[in-house]
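Asks: Pasting a structure below so you can have a look.
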Amino acid sequence: MLHFLLFSPTFSLENRILFNAKYIITKMNSLRLAAQRTIGTRCMSTAAANSSLDRMQTAENFQAVLDKFAQIRACAVLRTPTSEACPKAMQAAIDGGFKIVEFTLTTPDCLEHLSNFRSKYDGDVMVGCGTILTTEDAEAAVDAGSEFIITPVMLPDVIEWCKERNIVCVPGCQTPTELVNAYRHGAPLQKLFPGVTGGPMWVKAVSSALPFLSINPTSGVDLDNAGDYLRMGAASVGLVAPLFDQEAIASGEFDQIAKNAEKVMNNVREVGPYVRKA
């Protein structure tokens, strides 16, 4: 019947044009609705996938970790050649005043010690894991209780894995280019490693030119210059060998490590909290 009307001599050209226009509009509306349903389904599927990511943390937890770094501004970074020395050395650093600590995967039984300290100090001392090289390393660290992830070099896959799960990742970077790339991949803090010539003045120059960065120097920071790094623009610092004197560890003089911790934390507290970048 429709075919007969369209081609009937009594069906005017004007009516034919009007009919075709209505038909095209109806088809376009149908296609538009179908497209909207498809997009909506895809969006819901993506949201569901994101919400079901393994090891997902809350946005509030993510901010709480960054707030702790901004408030405390110093992290004790421990690597020991033996498993036995690890908990004793880290306990001494905490006794000396450290509230942020990092166990490194190069330490024997690292994750076991990390888990024990997380259980012991949960809510008081923030515990993280360093020398993370793969997303599998990151998974194991989070499963053990790590509250943040540290990498020795700039690893985009690890940074993005953490970002997707609201886990703070602090990747190691050597140059301004690497610092910026780490930031662009989703790292809210950027670890300066290894140390650079010029120390605090280098940090001042780079943080002034790239004020959106939050730089965390770890190599080259000692008991006396930690405060200088912070005054020159560093968001926080990491203390490694100067804090954990290897001779003191080898001889069992853990009181010396506690004294080192007390000295450096006094210098850090004099500078005050860090004002986080928006």
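A note on labels: chains of the structure tokens are A, B, ... as shown, every chain counts residues from 1, and ligands are counted from 1 in their shown order.
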Excluding stretch 83-94 of chain A and any residue of its chain fewer than 6 positions from it, enumerate the residues within 7 Å of it, using only C-alpha atoms, and give them as a ChimeraX atom specification.

Replies: /A:76,107-109,113,249,254-255,257-258,261

Asks: Could you save the residues just selected, with N, CA and C atoms, as an mmCIF file, in the first residue's frame?

Replies:
data_model
loop_
_atom_site.group_PDB
_atom_site.id
_atom_site.type_symbol
_atom_site.label_atom_id
_atom_site.label_comp_id
_atom_site.auth_asym_id
_atom_site.auth_seq_id
_atom_site.Cartn_x
_atom_site.Cartn_y
_atom_site.Cartn_z
ATOM 1 N N ALA A 76 61.771 6.913 56.397
ATOM 2 C CA ALA A 76 62.923 6.062 56.680
ATOM 3 C C ALA A 76 62.947 4.917 55.673
ATOM 4 N N THR A 107 65.642 -6.392 50.759
ATOM 5 C CA THR A 107 65.860 -6.913 52.108
ATOM 6 C C THR A 107 65.241 -8.310 52.228
ATOM 7 N N PRO A 108 65.985 -9.278 52.738
ATOM 8 C CA PRO A 108 65.407 -10.620 52.918
ATOM 9 C C PRO A 108 64.149 -10.584 53.790
ATOM 10 N N ASP A 109 63.128 -11.292 53.366
ATOM 11 C CA ASP A 109 61.847 -11.375 54.083
ATOM 12 C C ASP A 109 61.177 -10.010 54.232
ATOM 13 N N HIS A 113 58.255 -8.675 57.104
ATOM 14 C CA HIS A 113 58.514 -7.606 58.081
ATOM 15 C C HIS A 113 57.555 -6.443 57.881
ATOM 16 N N ILE A 249 74.466 -1.110 62.284
ATOM 17 C CA ILE A 249 73.611 -2.286 62.135
ATOM 18 C C ILE A 249 74.417 -3.568 62.320
ATOM 19 N N PHE A 254 71.839 -0.378 67.657
ATOM 20 C CA PHE A 254 70.593 0.190 67.146
ATOM 21 C C PHE A 254 70.214 1.491 67.855
ATOM 22 N N ASP A 255 70.793 1.720 69.006
ATOM 23 C CA ASP A 255 70.577 2.997 69.691
ATOM 24 C C ASP A 255 71.110 4.152 68.858
ATOM 25 N N ILE A 257 71.065 4.325 65.622
ATOM 26 C CA ILE A 257 70.077 4.601 64.577
ATOM 27 C C ILE A 257 68.936 5.444 65.150
ATOM 28 N N ALA A 258 68.519 5.142 66.368
ATOM 29 C CA ALA A 258 67.470 5.939 67.018
ATOM 30 C C ALA A 258 67.923 7.374 67.208
ATOM 31 N N ALA A 261 67.815 9.112 63.884
ATOM 32 C CA ALA A 261 66.422 9.421 63.543
ATOM 33 C C ALA A 261 65.942 10.662 64.292
#

Asks: Write out as a JSON list (two decimals) with N, CA and C atoms, in the first residue's frame the residues lying within 10 Å of stretch 148-165 of chain A, counting only C-alpha atoms and excluding same-chain residues fewer than 6 positions away.

Replies:
[["chain", "number", "residue", "atom", "x", "y", "z"],
["A", 50, "ASN", "N", 35.92, -0.80, 36.59],
["A", 50, "ASN", "CA", 36.79, 0.01, 37.43],
["A", 50, "ASN", "C", 36.50, -0.22, 38.91],
["A", 51, "SER", "N", 35.22, -0.33, 39.25],
["A", 51, "SER", "CA", 34.85, -0.49, 40.65],
["A", 51, "SER", "C", 35.23, -1.87, 41.18],
["A", 52, "SER", "N", 35.43, -2.82, 40.26],
["A", 52, "SER", "CA", 35.76, -4.18, 40.69],
["A", 52, "SER", "C", 37.24, -4.50, 40.53],
["A", 53, "LEU", "N", 38.09, -3.49, 40.27],
["A", 53, "LEU", "CA", 39.52, -3.72, 40.16],
["A", 53, "LEU", "C", 40.05, -4.33, 41.44],
["A", 54, "ASP", "N", 40.91, -5.33, 41.30],
["A", 54, "ASP", "CA", 41.50, -5.94, 42.47],
["A", 54, "ASP", "C", 42.38, -4.94, 43.20],
["A", 55, "ARG", "N", 42.36, -5.03, 44.51],
["A", 55, "ARG", "CA", 43.20, -4.20, 45.39],
["A", 55, "ARG", "C", 42.85, -2.71, 45.31],
["A", 56, "MET", "N", 41.62, -2.41, 44.92],
["A", 56, "MET", "CA", 41.18, -1.02, 44.83],
["A", 56, "MET", "C", 41.13, -0.38, 46.22],
["A", 57, "GLN", "N", 41.67, 0.82, 46.33],
["A", 57, "GLN", "CA", 41.62, 1.60, 47.56],
["A", 57, "GLN", "C", 40.62, 2.75, 47.38],
["A", 58, "THR", "N", 40.23, 3.37, 48.46],
["A", 58, "THR", "CA", 39.29, 4.49, 48.36],
["A", 58, "THR", "C", 40.03, 5.79, 48.04],
["A", 59, "ALA", "N", 39.30, 6.74, 47.49],
["A", 59, "ALA", "CA", 39.88, 8.05, 47.21],
["A", 59, "ALA", "C", 40.30, 8.73, 48.51],
["A", 62, "PHE", "N", 43.67, 7.42, 49.51],
["A", 62, "PHE", "CA", 44.69, 8.03, 48.65],
["A", 62, "PHE", "C", 45.08, 9.41, 49.20],
["A", 65, "VAL", "N", 47.08, 9.28, 52.55],
["A", 65, "VAL", "CA", 48.51, 8.97, 52.38],
["A", 65, "VAL", "C", 49.28, 10.23, 52.00],
["A", 66, "LEU", "N", 48.74, 11.00, 51.07],
["A", 66, "LEU", "CA", 49.39, 12.24, 50.65],
["A", 66, "LEU", "C", 49.42, 13.26, 51.79],
["A", 102, "GLU", "N", 59.69, 2.81, 54.92],
["A", 102, "GLU", "CA", 59.69, 2.05, 53.66],
["A", 102, "GLU", "C", 60.60, 0.84, 53.79],
["A", 103, "PHE", "N", 60.02, -0.33, 53.58],
["A", 103, "PHE", "CA", 60.79, -1.57, 53.49],
["A", 103, "PHE", "C", 61.09, -1.83, 52.02],
["A", 104, "THR", "N", 62.32, -2.19, 51.68],
["A", 104, "THR", "CA", 62.67, -2.41, 50.28],
["A", 104, "THR", "C", 62.75, -3.91, 49.99],
["A", 126, "MET", "N", 52.93, 5.06, 58.99],
["A", 126, "MET", "CA", 52.52, 4.65, 57.64],
["A", 126, "MET", "C", 53.63, 3.82, 57.02],
["A", 127, "VAL", "N", 53.25, 2.66, 56.49],
["A", 127, "VAL", "CA", 54.22, 1.67, 56.01],
["A", 127, "VAL", "C", 54.09, 1.49, 54.50],
["A", 128, "GLY", "N", 55.23, 1.57, 53.80],
["A", 128, "GLY", "CA", 55.24, 1.38, 52.36],
["A", 128, "GLY", "C", 56.31, 0.42, 51.92],
["A", 129, "CYS", "N", 56.33, 0.15, 50.61],
["A", 129, "CYS", "CA", 57.29, -0.81, 50.06],
["A", 129, "CYS", "C", 58.03, -0.19, 48.88],
["A", 130, "GLY", "N", 59.35, -0.41, 48.85],
["A", 130, "GLY", "CA", 60.18, 0.14, 47.79],
["A", 130, "GLY", "C", 60.88, -0.93, 46.97],
["A", 131, "THR", "N", 61.61, -0.45, 45.94],
["A", 131, "THR", "CA", 62.28, -1.30, 44.95],
["A", 131, "THR", "C", 61.26, -2.16, 44.22],
["A", 132, "ILE", "N", 60.08, -1.59, 43.97],
["A", 132, "ILE", "CA", 59.04, -2.24, 43.18],
["A", 132, "ILE", "C", 59.40, -2.07, 41.70],
["A", 133, "LEU", "N", 59.46, -3.19, 40.97],
["A", 133, "LEU", "CA", 59.85, -3.13, 39.57],
["A", 133, "LEU", "C", 58.75, -3.57, 38.60],
["A", 134, "THR", "N", 57.74, -4.27, 39.10],
["A", 134, "THR", "CA", 56.66, -4.77, 38.23],
["A", 134, "THR", "C", 55.32, -4.61, 38.94],
["A", 135, "THR", "N", 54.25, -4.75, 38.18],
["A", 135, "THR", "CA", 52.92, -4.70, 38.80],
["A", 135, "THR", "C", 52.72, -5.91, 39.71],
["A", 136, "GLU", "N", 53.39, -7.02, 39.41],
["A", 136, "GLU", "CA", 53.31, -8.18, 40.29],
["A", 136, "GLU", "C", 53.96, -7.88, 41.64],
["A", 137, "ASP", "N", 55.08, -7.15, 41.61],
["A", 137, "ASP", "CA", 55.70, -6.70, 42.86],
["A", 137, "ASP", "C", 54.73, -5.84, 43.65],
["A", 138, "ALA", "N", 54.07, -4.93, 42.94],
["A", 138, "ALA", "CA", 53.13, -4.02, 43.60],
["A", 138, "ALA", "C", 51.96, -4.79, 44.21],
["A", 139, "GLU", "N", 51.46, -5.77, 43.50],
["A", 139, "GLU", "CA", 50.37, -6.59, 44.03],
["A", 139, "GLU", "C", 50.78, -7.28, 45.33],
["A", 141, "ALA", "N", 53.14, -6.43, 47.39],
["A", 141, "ALA", "CA", 53.36, -5.44, 48.44],
["A", 141, "ALA", "C", 52.04, -4.98, 49.06],
["A", 142, "VAL", "N", 51.05, -4.71, 48.21],
["A", 142, "VAL", "CA", 49.74, -4.27, 48.71],
["A", 142, "VAL", "C", 49.09, -5.38, 49.52],
["A", 171, "PRO", "N", 57.57, 7.24, 42.00],
["A", 171, "PRO", "CA", 58.56, 6.62, 41.13],
["A", 171, "PRO", "C", 59.91, 7.36, 41.14],
["A", 172, "GLY", "N", 60.98, 6.59, 40.96],
["A", 172, "GLY", "CA", 62.31, 7.18, 40.90],
["A", 172, "GLY", "C", 62.56, 7.88, 39.57],
["A", 173, "CYS", "N", 63.09, 9.09, 39.64],
["A", 173, "CYS", "CA", 63.36, 9.90, 38.46],
["A", 173, "CYS", "C", 64.71, 10.59, 38.62],
["A", 174, "GLN", "N", 65.44, 10.78, 37.52],
["A", 174, "GLN", "CA", 66.76, 11.38, 37.58],
["A", 174, "GLN", "C", 66.80, 12.78, 36.97],
["A", 178, "GLU", "N", 62.01, 13.20, 33.31],
["A", 178, "GLU", "CA", 61.44, 12.02, 33.96],
["A", 178, "GLU", "C", 60.47, 12.42, 35.06],
["A", 179, "LEU", "N", 60.78, 13.46, 35.81],
["A", 179, "LEU", "CA", 59.87, 13.93, 36.86],
["A", 179, "LEU", "C", 58.53, 14.33, 36.26],
["A", 181, "ASN", "N", 57.26, 13.39, 33.31],
["A", 181, "ASN", "CA", 56.59, 12.22, 32.75],
["A", 181, "ASN", "C", 55.94, 11.38, 33.85],
["A", 182, "ALA", "N", 56.61, 11.26, 34.99],
["A", 182, "ALA", "CA", 56.02, 10.52, 36.11],
["A", 182, "ALA", "C", 54.74, 11.21, 36.57],
["A", 183, "TYR", "N", 54.78, 12.52, 36.66],
["A", 183, "TYR", "CA", 53.60, 13.30, 37.05],
["A", 183, "TYR", "C", 52.46, 13.09, 36.05],
["A", 184, "ARG", "N", 52.78, 13.13, 34.77],
["A", 184, "ARG", "CA", 51.75, 12.98, 33.73],
["A", 184, "ARG", "C", 51.14, 11.58, 33.73],
["A", 185, "HIS", "N", 51.91, 10.59, 34.13],
["A", 185, "HIS", "CA", 51.38, 9.22, 34.18],
["A", 185, "HIS", "C", 50.53, 8.99, 35.43],
["A", 186, "GLY", "N", 50.58, 9.93, 36.39],
["A", 186, "GLY", "CA", 49.70, 9.80, 37.55],
["A", 186, "GLY", "C", 50.39, 9.69, 38.89],
["A", 187, "ALA", "N", 51.70, 9.99, 38.95],
["A", 187, "ALA", "CA", 52.41, 9.93, 40.23],
["A", 187, "ALA", "C", 52.28, 11.26, 40.96],
["A", 188, "PRO", "N", 51.62, 11.31, 42.13],
["A", 188, "PRO", "CA", 51.43, 12.57, 42.84],
["A", 188, "PRO", "C", 52.69, 13.06, 43.54],
["A", 189, "LEU", "N", 53.62, 12.15, 43.83],
["A", 189, "LEU", "CA", 54.94, 12.48, 44.35],
["A", 189, "LEU", "C", 55.98, 11.86, 43.42],
["A", 190, "GLN", "N", 57.11, 12.56, 43.26],
["A", 190, "GLN", "CA", 58.14, 12.07, 42.35],
["A", 190, "GLN", "C", 59.46, 11.97, 43.11],
["A", 191, "LYS", "N", 60.01, 10.78, 43.15],
["A", 191, "LYS", "CA", 61.25, 10.51, 43.89],
["A", 191, "LYS", "C", 62.46, 10.91, 43.05],
["A", 192, "LEU", "N", 63.32, 11.77, 43.60],
["A", 192, "LEU", "CA", 64.56, 12.15, 42.92],
["A", 192, "LEU", "C", 65.64, 11.15, 43.33],
["A", 193, "PHE", "N", 66.03, 10.30, 42.37],
["A", 193, "PHE", "CA", 67.00, 9.25, 42.65],
["A", 193, "PHE", "C", 67.72, 8.86, 41.36],
["A", 194, "PRO", "N", 69.04, 8.67, 41.40],
["A", 194, "PRO", "CA", 69.91, 8.95, 42.56],
["A", 194, "PRO", "C", 70.12, 10.44, 42.76]]

Asks: Let's see if you can do this: from backbone DSSP, list all helix (DSSP H, G or I) residues in stretch 174-218 of chain A, as a ChimeraX atom specification.

Replies: /A:176-185,200-209

Asks: For each of A:Leu210, A:Leu111, A:Cys169, A:Pro242, take the minimum atom-to-atom distance to A:Gln256, counting only C-alpha atoms, then give the residue where this is smallest.

Replies: A:Pro242

Asks: Once DSSP has gone over the backbone, tell me which residues of stretch 39-115 of chain A are in strand (DSSP E or B), as a ChimeraX atom specification.

Replies: /A:74-78,100-104

Asks: What's around A:Val203 at 7 Å? Count only C-alpha atoms, leave out sequence neighbours fewer than 2 positions away in its own chain, and write the answer as a VMD selection string.

Replies: chain A and resid 199 to 201 205 to 207 232 to 234

Asks: Just how far from atom CA of A:Cys110 is atom CA of A:Tyr229, in Å to one decimal?

Replies: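 Value for the atom CA of A:Tyr229-atom CA of A:Cys110 distance: 28.6 Å.
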
Asks: What is the distance, in Å and to one decimal place, between atom CA of A:Asn266 and atom CA of A:Arg79?

Replies: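 That distance, rounded to one decimal, is 23.0 Å.
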
Asks: How many Å lie between atom CA of A:Gly227 and atom CA of A:Asp124, rounded to one decimal?

Replies: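 We find that atom CA of A:Gly227 and atom CA of A:Asp124 lie 22.9 Å from each other.
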
Asks: Using only C-alpha atoms, which of A:Val170, A:Leu213, A:Ile100, A:Val237 sits nearest A:Gly195?

Replies: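 Closest residue, counting only C-alpha atoms: A:Val237.
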
Asks: So, counting only C-alpha atoms, which residue among A:Gln246, A:Leu114, A:Val196, A:Gly272 is closest to A:Gly220?

Replies: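 For A:Gly220, the nearest of the candidates is A:Val196.
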
Asks: If we count only C-alpha atoms and set the cut-off at 10 Å, which residues sit around A:Lys259, ignoring sequence neighbours fewer than 6 positions away in its own chain? Please answer as a VMD selection string.

Replies: chain A and resid 92 to 93 95 to 97 243 265

Asks: Deliver the residues from the most recent selection as a file, using C-alpha atoms, as a compact mmCIF listing (two decimals), in the first residue's frame.

Replies:
# COMPACT_ATOMS: atom_id res chain seq x y z
CA ALA A 92 65.03 2.05 66.11
CA ALA A 93 64.04 4.56 63.40
CA ASP A 95 61.66 4.98 68.26
CA GLY A 96 63.64 8.00 67.07
CA GLY A 97 60.53 9.68 65.65
CA LEU A 243 70.03 7.12 58.93
CA MET A 265 63.38 14.50 62.48
